[in-house]
Amino acid sequence: MVLSGSTGTLPSLDKVGSQKQPASRATGSSARAKSAAFRAAERARERRKRALLIAAAVLVVAAVGGGIAAGVAITGSKGHGSPSSASDAASATLTGPAGPEGIPLEGGAVLASASTAADGQTVDGIQCQSNEQVAYHIHTHLTVYVNGALRPIPAGIGIVKPVAQQTTNGTFYEASQCYYWLHVHAQDGVIHVEAPNQTTYTLGQFFAIWRQPLTSTRVGPAQGTVTAYVNGVRYSGDPASITLGSHEDVQLDVGTVVAPKKVDWSHAQL
């Protein structure tokens with residue numbers, strides 16, 4: 001039946017429903033988009049949080065590692081727990097023109113020639129190798145007085161077939177064949193300990209490489225009562241048993257006793 005005055009028929013229920021569906025789908029799509037955006041933002045926040053936590057952990061590890069490295073450097077520099085020159089009891093300091101290693105050169109007649117030293121064979125377990133070893137690298141200073149007169153330690157001990165290198169601060173010797181783990185580069189009294197592993201090396205081993213005697217009554221060719229000092233403190237034992245420690249000052253007096261002197265290691269690149 002058609003109503004009077006009507007210009008057309010009423011839309012069917014199917015048509016009405018079909019007209020409302022697009023709005024419903026739009027609303028659902030908008031909700032899903034908002035939900036997806038929310039989840040994406042949450043994931044982004046979680047990623048940022050994890051990144052911050054990781055960064056903080058890295059900073060903590062770096063700080064702790066730096067502290068450990070500094071501690072190792074400080075401990076390693078002393079070598080075998082030996083006292084450094086900072087605790088040297090000697091009141092006087094060795095003076096003179098600085099040599100190629102920044103330590104004063106020693107003048108006068110040498111105690112004994114370096115030519116008597118071993119020429120490559122292993123001495124008391126210490127080898128002679130073509131390259132200097134760096135796993136364990138420390139320096140000890142040795143001063144010898146005979147009846148009050150300074151007798152320098154010659155350069156080249158422990159350096160087989162040494163080759164002289166001229167520098168603005170004096171002569172520096174390098175090996176053309178091999179280096180013993182204990183050797184001397186310049187006439188400044190510095191004994192280099194450059195070994196493949198950290199162990200105890202003694203003054204007696206250095207003199208063995210030099211092929212010179214060292215006892216309580218003899219230092220090389222010099223004979224008499226030997227008075228020994230380590231970092232300015234009197235050493236009462238066998239001088240051959242003195243341990244070579246990092247930045248230690250060893251003084252041997254044959255005959256006349258000389259007040260102990262120390263080296264200013266702060267000027268050395270050692």
# chains A, B, ... in the order shown; residues from 1 in each chain; ligands from 1
$ residues_around --residues "His141 (chain A)" --least-positions-apart "5" --cutoff "12 Å" --atoms "only C-alpha atoms" --output "VMD selection string"
chain A and resid 84 to 85 94 101 103 to 106 152 to 153 183 to 184 186 to 193 203 229 to 231 243 to 252 261 to 265 268 270
$ select_by_dssp --residues "region 128-238 of chain A" --states "strand (DSSP E)" --output "count of residues only"
55
$ closest_residue --among "A:Thr256, A:Gln177, A:Gln198, A:Ser241" --to "Thr225 (chain A)" --atoms "only C-alpha atoms"
A:Thr256
$ closest_residue --among "A:Gly158, A:Gly255, A:Gly237, A:Gly224" --to "Trp210 (chain A)" --atoms "only C-alpha atoms"
A:Gly158
$ select_by_dssp --residues "region 99-207 of chain A" --states "alpha helix (DSSP H)" --output "list in words"
Leu203, Gly204, Gln205, Phe206 and Phe207 of chain A
$ atom_distance --atom1 "CA of Gln269 (chain A)" --atom2 "CA of Pro100 (chain A)"
9.4 Å
$ closest_residue --among "A:Val257, A:Ala164, A:Ile159, A:Phe172" --to "Gln127 (chain A)" --atoms "only C-alpha atoms"
A:Ile159
$ closest_residue --among "A:Gly108, A:Arg211, A:Ser266, A:Tyr201" --to "Tyr145 (chain A)" --atoms "only C-alpha atoms"
A:Gly108
$ decode --residues "region 192-207 of chain A" --atoms "C-alpha atoms" --output "short mmCIF file (atom, residue, chain, number, x, y, z; two decimals), in the first residue's frame"
data_model
loop_
_atom_site.label_atom_id
_atom_site.label_comp_id
_atom_site.auth_asym_id
_atom_site.auth_seq_id
_atom_site.Cartn_x
_atom_site.Cartn_y
_atom_site.Cartn_z
CA HIS A 192 116.84 -2.85 32.45
CA VAL A 193 114.83 -5.92 33.42
CA GLU A 194 112.94 -6.93 30.28
CA ALA A 195 111.72 -10.49 30.63
CA PRO A 196 108.99 -12.72 29.15
CA ASN A 197 107.42 -13.25 32.57
CA GLN A 198 107.36 -11.67 36.00
CA THR A 199 109.70 -13.37 38.42
CA THR A 200 112.46 -12.41 40.86
CA TYR A 201 115.75 -11.29 39.35
CA THR A 202 118.76 -10.45 41.50
CA LEU A 203 121.87 -8.30 41.39
CA GLY A 204 123.90 -11.52 41.50
CA GLN A 205 122.35 -12.64 38.21
CA PHE A 206 123.26 -9.33 36.61
CA PHE A 207 126.88 -9.72 37.74
#
